[in-house]
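Note: the block below is my_file_19.txt and it holds compact mmCIF, C-alpha atoms and all ligand atoms.
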```
# COMPACT_ATOMS: atom_id res chain seq x y z
CA MET A 1 0.00 0.00 0.00
CA SER A 2 1.39 3.41 -0.84
CA ASN A 3 -1.09 5.67 0.90
CA PRO A 4 0.06 8.10 3.60
CA TYR A 5 -0.22 6.74 7.13
CA MET A 6 -2.76 7.87 9.66
CA THR A 7 -3.12 6.65 13.22
CA ARG A 8 -5.03 7.53 16.33
CA GLN A 9 -3.95 10.27 18.72
CA GLY A 10 -0.99 8.94 20.71
CA GLY A 11 0.07 6.52 17.98
CA ALA A 12 -0.55 2.92 17.02
CA THR A 13 -0.02 0.33 19.75
CA VAL A 14 3.44 -1.23 19.43
CA THR A 15 3.52 -4.99 20.07
CA VAL A 16 7.03 -6.31 20.71
CA PHE A 17 7.71 -10.00 20.13
CA VAL A 18 10.46 -10.93 22.57
CA PRO A 19 13.31 -13.00 21.12
CA TYR A 20 12.81 -16.05 23.36
CA ASP A 21 10.28 -18.84 23.34
CA CYS A 22 7.62 -19.88 25.84
CA GLY A 23 8.16 -23.65 25.67
CA ASN A 24 4.40 -24.26 25.28
CA HIS A 25 2.30 -25.51 22.37
CA CYS A 26 -1.17 -23.97 22.65
CA PRO A 27 -3.29 -25.25 19.73
CA PHE A 28 -4.60 -21.79 18.81
CA CYS A 29 -1.15 -20.15 18.82
CA ILE A 30 -0.19 -18.44 15.59
CA ASN A 31 3.17 -17.17 16.91
CA LYS A 32 4.70 -20.49 17.80
CA GLN A 33 6.10 -21.35 14.39
CA GLU A 34 8.08 -18.11 14.39
CA TYR A 35 10.08 -19.44 17.35
CA GLU A 36 11.12 -22.68 15.64
CA ASN A 37 14.11 -21.05 13.95
CA THR A 38 15.71 -18.41 16.15
CA GLU A 39 18.32 -17.38 13.61
CA GLY A 40 18.43 -13.59 13.37
CA PHE A 41 16.63 -13.00 16.68
CA SER A 42 18.19 -9.97 18.33
CA ALA A 43 17.35 -8.17 21.55
CA GLU A 44 19.71 -5.41 20.45
CA LYS A 45 17.82 -4.79 17.19
CA ILE A 46 14.52 -4.91 19.05
CA CYS A 47 15.86 -2.21 21.41
CA ARG A 48 16.84 -0.09 18.40
CA SER A 49 13.31 -0.39 17.02
CA ILE A 50 11.78 0.52 20.39
CA ARG A 51 13.90 3.69 20.41
CA THR A 52 12.79 4.56 16.86
CA LEU A 53 9.12 4.15 17.67
CA ASP A 54 9.39 6.02 20.97
CA ALA A 55 10.91 8.96 19.06
CA ILE A 56 8.04 9.01 16.53
CA THR A 57 5.14 8.41 18.94
CA PRO A 58 6.24 9.29 22.49
CA GLU A 59 2.84 8.41 23.96
CA CYS A 60 2.04 5.10 22.26
CA ASP A 61 1.29 1.90 24.18
CA PHE A 62 3.89 -0.88 24.19
CA VAL A 63 2.80 -4.52 24.57
CA PHE A 64 5.42 -7.21 25.21
CA THR A 65 4.39 -10.63 24.00
CA GLY A 66 5.96 -13.78 22.66
CA GLY A 67 7.07 -16.30 23.14
CA GLU A 68 7.27 -15.54 26.82
CA PRO A 69 8.38 -12.08 27.99
CA LEU A 70 9.20 -13.39 31.48
CA ALA A 71 11.50 -16.17 30.19
CA ASP A 72 14.54 -13.86 30.20
CA LEU A 73 14.17 -11.22 32.90
CA PRO A 74 17.48 -9.36 32.34
CA SER A 75 16.66 -8.95 28.64
CA LEU A 76 13.12 -7.75 29.39
CA GLN A 77 14.51 -5.32 31.98
CA LYS A 78 16.74 -3.73 29.32
CA MET A 79 13.76 -3.25 27.04
CA LEU A 80 11.56 -1.81 29.80
CA ASP A 81 14.32 0.58 30.85
CA LEU A 82 14.45 2.01 27.32
CA ILE A 83 10.85 3.16 27.44
CA PRO A 84 10.44 6.58 29.04
CA ALA A 85 7.45 7.70 31.09
CA GLY A 86 4.53 8.73 28.91
CA HIS A 87 3.92 5.28 27.44
CA ARG A 88 1.69 2.59 28.87
CA ILE A 89 3.37 -0.82 29.05
CA PHE A 90 1.53 -4.14 29.03
CA ILE A 91 3.02 -7.61 29.42
CA ASN A 92 1.29 -10.66 27.95
CA THR A 93 2.50 -13.71 29.81
CA THR A 94 1.54 -17.15 31.07
CA LEU A 95 3.15 -16.22 34.43
CA PRO A 96 5.13 -19.36 33.78
CA VAL A 97 6.84 -22.03 35.78
CA MET A 98 10.36 -22.05 34.32
CA LYS A 99 13.75 -23.53 34.94
CA ARG A 100 15.60 -20.26 34.46
CA HIS A 101 13.68 -18.02 36.87
CA SER A 102 11.91 -19.11 40.04
CA ALA A 103 8.38 -17.94 40.87
CA ASP A 104 9.90 -15.67 43.55
CA GLU A 105 12.18 -14.04 40.98
CA VAL A 106 9.27 -13.42 38.61
CA VAL A 107 7.16 -11.87 41.39
CA ASP A 108 10.08 -9.68 42.52
CA PHE A 109 10.75 -8.59 38.94
CA LEU A 110 7.15 -7.54 38.32
CA ASN A 111 6.86 -5.76 41.65
CA ALA A 112 10.16 -3.93 41.11
CA ASN A 113 8.80 -2.70 37.76
CA SER A 114 5.34 -1.82 39.04
CA GLY A 115 5.99 1.86 38.34
CA LYS A 116 6.50 1.09 34.66
CA ILE A 117 3.93 -1.64 33.98
CA SER A 118 0.30 -0.64 33.43
CA CYS A 119 -1.04 -4.19 33.44
CA VAL A 120 0.15 -7.80 33.30
CA ASN A 121 -2.19 -9.81 31.08
CA VAL A 122 -1.96 -13.42 32.22
CA SER A 123 -3.15 -16.15 29.83
CA ARG A 124 -5.32 -18.78 31.45
CA HIS A 125 -7.63 -21.00 29.45
CA LEU A 126 -10.47 -23.42 30.10
CA LYS A 127 -8.13 -26.29 29.29
CA LYS A 128 -4.60 -26.19 30.66
CA TYR A 129 -2.29 -25.89 27.67
CA VAL A 130 0.67 -24.57 29.67
CA VAL A 131 2.31 -25.32 33.01
CA GLU A 132 0.73 -22.53 35.02
CA GLY A 133 2.23 -20.83 38.03
CA SER A 134 0.14 -21.21 41.18
CA ASP A 135 -2.88 -18.91 41.62
CA ASP A 136 -1.32 -18.00 44.99
CA LEU A 137 1.22 -15.87 43.07
CA PHE A 138 -1.46 -13.33 42.14
CA ALA A 139 -1.90 -12.20 45.75
CA ARG A 140 1.81 -11.34 45.88
CA LEU A 141 1.78 -9.08 42.80
CA ARG A 142 1.62 -5.32 43.28
CA VAL A 143 0.89 -4.61 39.61
CA PRO A 144 -2.55 -4.60 37.97
CA VAL A 145 -3.34 -8.04 36.56
CA ARG A 146 -5.98 -9.18 34.09
CA ILE A 147 -6.73 -12.75 33.07
CA ASN A 148 -6.93 -13.27 29.28
CA CYS A 149 -8.79 -16.39 28.14
CA VAL A 150 -9.02 -17.44 24.49
CA LEU A 151 -12.24 -19.36 23.90
CA PHE A 152 -11.21 -22.07 21.52
CA ASP A 153 -12.58 -25.48 20.62
CA GLN A 154 -15.43 -26.86 22.77
CA TYR A 155 -16.67 -25.15 25.92
CA ASP A 156 -19.96 -24.67 27.71
CA GLU A 157 -21.63 -22.27 30.11
CA ALA A 158 -20.77 -24.39 33.17
CA GLN A 159 -17.06 -24.22 32.30
CA LEU A 160 -17.26 -20.45 31.87
CA ARG A 161 -19.03 -20.09 35.23
CA GLY A 162 -16.36 -22.19 36.95
CA PHE A 163 -13.58 -20.18 35.32
CA ILE A 164 -15.15 -16.86 36.34
CA ALA A 165 -15.62 -18.09 39.91
CA ARG A 166 -11.95 -19.20 40.10
CA PHE A 167 -10.59 -15.75 39.28
CA HIS A 168 -13.30 -13.59 40.81
CA SER A 169 -12.64 -15.34 44.13
CA ILE A 170 -9.19 -13.72 44.05
CA GLY A 171 -10.42 -10.39 42.72
CA LEU A 172 -9.12 -10.55 39.13
CA PRO A 173 -10.84 -9.13 36.04
CA ILE A 174 -11.20 -11.50 33.07
CA GLN A 175 -11.14 -10.78 29.37
CA PHE A 176 -12.52 -13.55 27.16
CA ARG A 177 -11.28 -13.46 23.61
CA SER A 178 -12.63 -15.08 20.47
CA ASP A 179 -10.34 -16.92 18.07
CA TYR A 180 -9.54 -13.86 15.97
CA THR A 181 -8.58 -15.89 12.91
CA GLN A 182 -12.34 -16.48 12.60
CA THR A 183 -13.33 -12.79 12.85
CA THR A 184 -14.41 -11.01 9.66
CA PRO A 185 -15.74 -7.49 8.97
CA GLU A 186 -19.18 -9.12 8.61
CA ASN A 187 -19.23 -10.88 12.00
CA LEU A 188 -17.15 -8.42 14.07
CA TYR A 189 -20.26 -6.66 15.37
CA ASP A 190 -22.69 -9.55 14.97
CA ASP A 191 -23.35 -10.01 18.69
CA ALA A 192 -26.80 -11.59 18.11
CA GLY A 193 -25.20 -14.44 16.14
CA ASP A 194 -22.17 -14.79 18.41
CA PRO A 195 -22.28 -17.89 20.67
CA ILE A 196 -19.74 -16.44 23.13
CA PHE A 197 -21.76 -13.24 23.50
CA LYS A 198 -24.89 -15.32 24.11
CA MET A 199 -23.18 -17.57 26.68
CA LEU A 200 -21.72 -14.65 28.64
CA GLY A 201 -25.07 -12.85 28.45
CA ALA A 202 -26.71 -15.86 30.13
CA ILE A 203 -24.23 -15.51 33.01
CA ALA A 204 -24.46 -11.72 33.46
CA PRO A 205 -26.14 -8.94 31.47
CA CYS A 206 -24.09 -6.98 28.95
CA THR A 207 -23.58 -3.59 30.59
CA ALA A 208 -21.37 -1.73 28.10
CA ALA A 209 -20.07 -2.06 24.56
CA SER A 210 -17.52 -0.09 22.61
CA GLY A 211 -15.66 -0.54 19.39
CA CYS A 212 -13.74 0.94 16.51
CA ARG A 213 -13.13 -0.04 12.88
CA ILE A 214 -11.24 -3.21 13.72
CA ARG A 215 -12.17 -4.37 17.22
CA CYS A 216 -14.90 -4.28 19.81
CA ASN A 217 -15.27 -4.97 23.49
CA TYR A 218 -18.27 -5.92 25.65
CA SER A 219 -18.57 -5.76 29.44
CA PHE A 220 -20.83 -8.09 31.41
CA GLY A 221 -22.26 -7.75 34.88
CA ASP A 222 -21.95 -4.88 37.31
CA LYS A 223 -20.75 -6.66 40.44
CA GLY A 224 -17.23 -7.74 41.20
CA PRO A 225 -14.19 -7.58 38.90
CA GLU A 226 -14.87 -6.85 35.24
CA ILE A 227 -15.83 -9.59 32.81
CA SER A 228 -15.21 -8.50 29.23
CA TYR A 229 -15.30 -10.04 25.79
CA HIS A 230 -12.91 -8.82 23.12
CA LYS A 231 -13.16 -9.38 19.37
CA THR A 232 -10.70 -8.18 16.76
CA LEU A 233 -10.00 -8.65 13.07
CA PRO A 234 -6.91 -10.64 12.05
CA TYR A 235 -5.38 -7.50 10.51
CA SER A 236 -5.02 -3.97 11.81
CA THR A 237 -4.73 -1.58 8.87
CA MET A 238 -7.78 0.03 7.29
CA THR A 239 -7.77 2.24 4.22
CA VAL A 240 -10.00 5.24 4.87
CA ASN A 241 -10.76 8.20 2.61
CA LYS A 242 -10.67 11.59 4.31
CA ASN A 243 -11.21 14.80 2.34
CA GLY A 244 -10.54 12.98 -0.92
CA VAL A 245 -7.29 11.36 0.26
CA ASP A 246 -6.88 7.64 0.93
CA TYR A 247 -4.99 6.98 4.17
CA ASP A 248 -3.76 3.68 5.59
CA VAL A 249 -4.95 3.91 9.19
CA LEU A 250 -2.60 1.90 11.43
CA TYR A 251 -3.88 0.47 14.71
CA ASP A 252 -1.03 -1.93 15.55
CA ILE A 253 2.68 -1.84 14.80
CA ILE A 254 4.68 -5.00 15.39
CA VAL A 255 8.36 -5.33 16.33
CA LYS A 256 9.41 -8.81 15.28
CA GLN A 257 11.93 -11.07 17.04
CA ASN A 258 14.70 -9.85 14.71
CA GLY A 259 13.86 -6.18 15.28
CA ASP A 260 12.04 -5.70 11.96
CA ILE A 261 9.11 -3.32 12.24
CA HIS A 262 5.84 -4.31 10.59
CA SER A 263 2.79 -2.12 9.99
CA ASP A 264 0.35 -5.00 10.46
CA TRP A 265 0.01 -8.61 11.61
CA THR A 266 0.00 -9.70 7.98
CA GLY A 267 3.77 -9.33 7.44
CA ASP A 268 3.82 -5.87 5.81
CA ALA A 269 6.97 -3.93 6.62
CA LEU A 270 6.47 -0.48 8.15
CA ASP A 271 7.82 2.35 6.01
CA VAL A 272 9.52 4.06 8.95
CA GLU A 273 10.29 7.26 7.07
CA LYS A 274 6.65 7.51 6.00
CA TYR A 275 5.54 6.84 9.59
CA ARG A 276 7.58 9.85 10.72
CA GLU A 277 5.06 11.93 8.72
CA VAL A 278 2.00 10.13 10.15
CA VAL A 279 -1.11 12.24 10.63
CA TYR A 280 -3.43 11.69 13.57
CA GLU A 281 -7.15 11.33 13.97
CA PRO A 282 -9.14 11.05 17.22
CA TYR A 283 -9.44 7.39 18.28
CA ASP A 284 -12.64 6.23 16.55
CA LEU A 285 -13.67 4.28 19.66
CA HIS A 286 -17.34 4.77 20.49
CA ASP A 287 -19.96 3.24 22.74
CA PHE A 288 -22.90 1.43 21.21
CA GLU A 289 -25.80 -0.78 22.23
CA PRO A 290 -25.31 -4.44 21.27
CA GLY A 291 -27.38 -5.27 18.19
CA ARG A 292 -27.79 -1.65 17.25
CA ARG A 293 -24.47 -0.61 15.80
S1 LIG B 301 2.03 -19.65 25.72
FE1 LIG B 301 1.48 -18.02 24.25
S2 LIG B 301 3.18 -17.95 22.77
FE2 LIG B 301 3.34 -19.90 23.90
S3 LIG B 301 2.28 -21.44 22.63
FE3 LIG B 301 0.80 -20.64 24.13
S4 LIG B 301 -0.22 -18.92 23.06
FE4 LIG B 301 1.66 -19.39 21.93
```

For the file at hand, write its structure as structure tokens.
Amino acid sequence: MSNPYMTRQGGATVTVFVPYDCGNHCPFCINKQEYENTEGFSAEKICRSIRTLDAITPECDFVFTGGEPLADLPSLQKMLDLIPAGHRIFINTTLPVMKRHSADEVVDFLNANSGKISCVNVSRHLKKYVVEGSDDLFARLRVPVRINCVLFDQYDEAQLRGFIARFHSIGLPIQFRSDYTQTTPENLYDDAGDPIFKMLGAIAPCTAASGCRIRCNYSFGDKGPEISYHKTLPYSTMTVNKNGVDYDVLYDIIVKQNGDIHSDWTGDALDVEKYREVVYEPYDLHDFEPGRR
């Protein structure tokens, strides 16, 4: 695409793929195959890309994912230390049990970085695909934590209720996520035909809904920690015409394991020089009533 770039105020979210693996094999994972051959992986080049993107959008969000961000704490520390105040930082992790770092070390690391980290998003699923750290660890964390659960394969309302009870008993919000490889522009906002939406609605009423061109989010219930449901398209660039000009609107920028910067999840390289000239629009996030968008 050769259109000028546009992004939302603050800049596109930057997702950084750490250069070390998680050791798990979740069946829905689309990142795993990228960790089979680690040739060219470079924490140094990733750091260079973080600096570049910080200079262009000094208020963007950074998300560390993998792989497993907590598999190499010294390397993650170097990356976190590069990011000045003004950005929000999120860490997507399994809060793993690992040989290299003990549970105590992981807890100490997260607590020592609590001033930098906006939220730790911990993957937990209805079936155990990974060796999970004990739920007792959550009480020791002094950073905000959210449970992320991908709803994949077979599941029923009773399983969802049990899962919600497990994490609400320790005060943690939960975000359920659909398998985004199945999301299309046609079904993104089709809540009436969405089995997950229906199942969560049977557990607690939908109390809020918001969305933008490429993703939407529903909240359920009004008691206890938040239960939300997140849907997103499998790509994150939209071409939009404004005042007669076609713009490529970027929502997500990806820093790959080798430091390459992509403008989308689909493998497109970011034209960094063009991104330096990015124009901004207000975030097109808006509230809506389910079924009435
Ligand atoms: S833990 Fe995360 S990165 Fe690892 S296989 Fe599972 S989904 Fe993929």

For this session: Within 12 Å of Lys127 (chain A), counting all atoms listed in the file, which residues show up once you throw out same-chain ones fewer than 3 positions away? Write them as a list in words, please.
Result: Cys26, Pro27, Phe28, Ser123, Arg124, Val130, Val131, Glu132, Cys149, Val150, Leu151, Phe152, Asp153, Gln154, Tyr155, Gln159, Leu160, Gly162 and Phe163 of chain A

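Taking only C-alpha atoms and all ligand atoms into account, the protein and nucleic acid residues that come at most 8 Å from ligand LIG 301 (chain B) are Asp21, Cys22, Gly23, Asn24, His25, Cys26, Pro27, Phe28, Cys29, Ile30, Asn31, Lys32, Thr65, Gly66, Gly67, Glu68, Thr93, Thr94, Ser123, Tyr129 and Val130 of chain A.
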
For this session: With a distance cut-off of 9 Å and all atoms listed in the file, select the neighbouring residues of Leu233 (chain A), excluding the residue or stretch itself and same-chain residues fewer than 5 positions from it, and output the selection as a VMD selection string.
Result: chain A and resid 180 to 185 188 214 to 215

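What separates CA of Ile196 (chain A) from CA of Asp252 (chain A) is a distance of 24.9 Å.
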
Exercise. Which one of A:Phe90, A:Tyr189, A:Tyr280, A:Tyr251 sits closest to Asp264 (chain A) if you count only C-alpha atoms?
Worked result: A:Tyr251

Problem set entry | Which residue of A:Arg276, A:Asp284, A:Leu70, A:Asn258 approaches Glu34 (chain A) most closely, using only C-alpha atoms | A:Asn258

If we count all atoms listed in the file, what is near Val145 (chain A) at a cut-off of 9 Å, once residues fewer than 2 positions away on the same chain are taken out, given as a short mmCIF file (atom, residue, chain, number, x, y, z; two decimals) with C-alpha atoms, keeping the file's coordinate frame?
```cif
data_model
loop_
_atom_site.label_atom_id
_atom_site.label_comp_id
_atom_site.auth_asym_id
_atom_site.auth_seq_id
_atom_site.Cartn_x
_atom_site.Cartn_y
_atom_site.Cartn_z
CA SER A 118 0.30 -0.64 33.43
CA CYS A 119 -1.04 -4.19 33.44
CA VAL A 120 0.15 -7.80 33.30
CA ASN A 121 -2.19 -9.81 31.08
CA VAL A 122 -1.96 -13.42 32.22
CA PHE A 138 -1.46 -13.33 42.14
CA LEU A 141 1.78 -9.08 42.80
CA ARG A 142 1.62 -5.32 43.28
CA VAL A 143 0.89 -4.61 39.61
CA ILE A 147 -6.73 -12.75 33.07
CA LEU A 172 -9.12 -10.55 39.13
CA PRO A 173 -10.84 -9.13 36.04
#
```

Incomplete region 66-81 of chain A brought to N, CA and C atoms, written out as a PDB file, in the coordinates of the input:
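The result, stored in result_29.pdb:
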```pdb
ATOM      1  N   GLY A  66       4.956 -12.822  23.132  1.00  0.00           N
ATOM      2  CA  GLY A  66       5.960 -13.780  22.660  1.00  0.00           C
ATOM      3  C   GLY A  66       5.349 -14.951  21.953  1.00  0.00           C
ATOM      4  N   GLY A  67       6.029 -16.080  22.176  1.00  0.00           N
ATOM      5  CA  GLY A  67       7.070 -16.300  23.140  1.00  0.00           C
ATOM      6  C   GLY A  67       6.617 -15.980  24.568  1.00  0.00           C
ATOM      7  N   GLU A  68       7.584 -15.809  25.418  1.00  0.00           N
ATOM      8  CA  GLU A  68       7.270 -15.540  26.820  1.00  0.00           C
ATOM      9  C   GLU A  68       8.156 -14.402  27.339  1.00  0.00           C
ATOM     10  N   PRO A  69       7.575 -13.220  27.528  1.00  0.00           N
ATOM     11  CA  PRO A  69       8.380 -12.080  27.990  1.00  0.00           C
ATOM     12  C   PRO A  69       9.119 -12.342  29.303  1.00  0.00           C
ATOM     13  N   LEU A  70       8.559 -13.190  30.173  1.00  0.00           N
ATOM     14  CA  LEU A  70       9.200 -13.390  31.480  1.00  0.00           C
ATOM     15  C   LEU A  70      10.211 -14.548  31.463  1.00  0.00           C
ATOM     16  N   ALA A  71      10.526 -15.061  30.271  1.00  0.00           N
ATOM     17  CA  ALA A  71      11.500 -16.170  30.190  1.00  0.00           C
ATOM     18  C   ALA A  71      12.932 -15.683  30.332  1.00  0.00           C
ATOM     19  N   ASP A  72      13.182 -14.398  30.073  1.00  0.00           N
ATOM     20  CA  ASP A  72      14.540 -13.860  30.200  1.00  0.00           C
ATOM     21  C   ASP A  72      14.418 -12.480  30.851  1.00  0.00           C
ATOM     22  N   LEU A  73      14.458 -12.466  32.169  1.00  0.00           N
ATOM     23  CA  LEU A  73      14.170 -11.220  32.900  1.00  0.00           C
ATOM     24  C   LEU A  73      15.215 -10.130  32.644  1.00  0.00           C
ATOM     25  N   PRO A  74      16.519 -10.445  32.611  1.00  0.00           N
ATOM     26  CA  PRO A  74      17.480  -9.360  32.340  1.00  0.00           C
ATOM     27  C   PRO A  74      17.242  -8.703  30.980  1.00  0.00           C
ATOM     28  N   SER A  75      16.893  -9.505  29.970  1.00  0.00           N
ATOM     29  CA  SER A  75      16.660  -8.950  28.640  1.00  0.00           C
ATOM     30  C   SER A  75      15.398  -8.069  28.651  1.00  0.00           C
ATOM     31  N   LEU A  76      14.344  -8.549  29.320  1.00  0.00           N
ATOM     32  CA  LEU A  76      13.120  -7.750  29.390  1.00  0.00           C
ATOM     33  C   LEU A  76      13.379  -6.446  30.159  1.00  0.00           C
ATOM     34  N   GLN A  77      14.205  -6.536  31.202  1.00  0.00           N
ATOM     35  CA  GLN A  77      14.510  -5.320  31.980  1.00  0.00           C
ATOM     36  C   GLN A  77      15.154  -4.255  31.091  1.00  0.00           C
ATOM     37  N   LYS A  78      16.086  -4.699  30.228  1.00  0.00           N
ATOM     38  CA  LYS A  78      16.740  -3.730  29.320  1.00  0.00           C
ATOM     39  C   LYS A  78      15.711  -3.058  28.426  1.00  0.00           C
ATOM     40  N   MET A  79      14.774  -3.831  27.934  1.00  0.00           N
ATOM     41  CA  MET A  79      13.760  -3.250  27.040  1.00  0.00           C
ATOM     42  C   MET A  79      12.848  -2.281  27.816  1.00  0.00           C
ATOM     43  N   LEU A  80      12.441  -2.689  29.009  1.00  0.00           N
ATOM     44  CA  LEU A  80      11.560  -1.810  29.800  1.00  0.00           C
ATOM     45  C   LEU A  80      12.272  -0.502  30.147  1.00  0.00           C
ATOM     46  N   ASP A  81      13.577  -0.615  30.445  1.00  0.00           N
ATOM     47  CA  ASP A  81      14.320   0.580  30.850  1.00  0.00           C
ATOM     48  C   ASP A  81      14.484   1.585  29.718  1.00  0.00           C
TER      49      ASP A  81
END
```
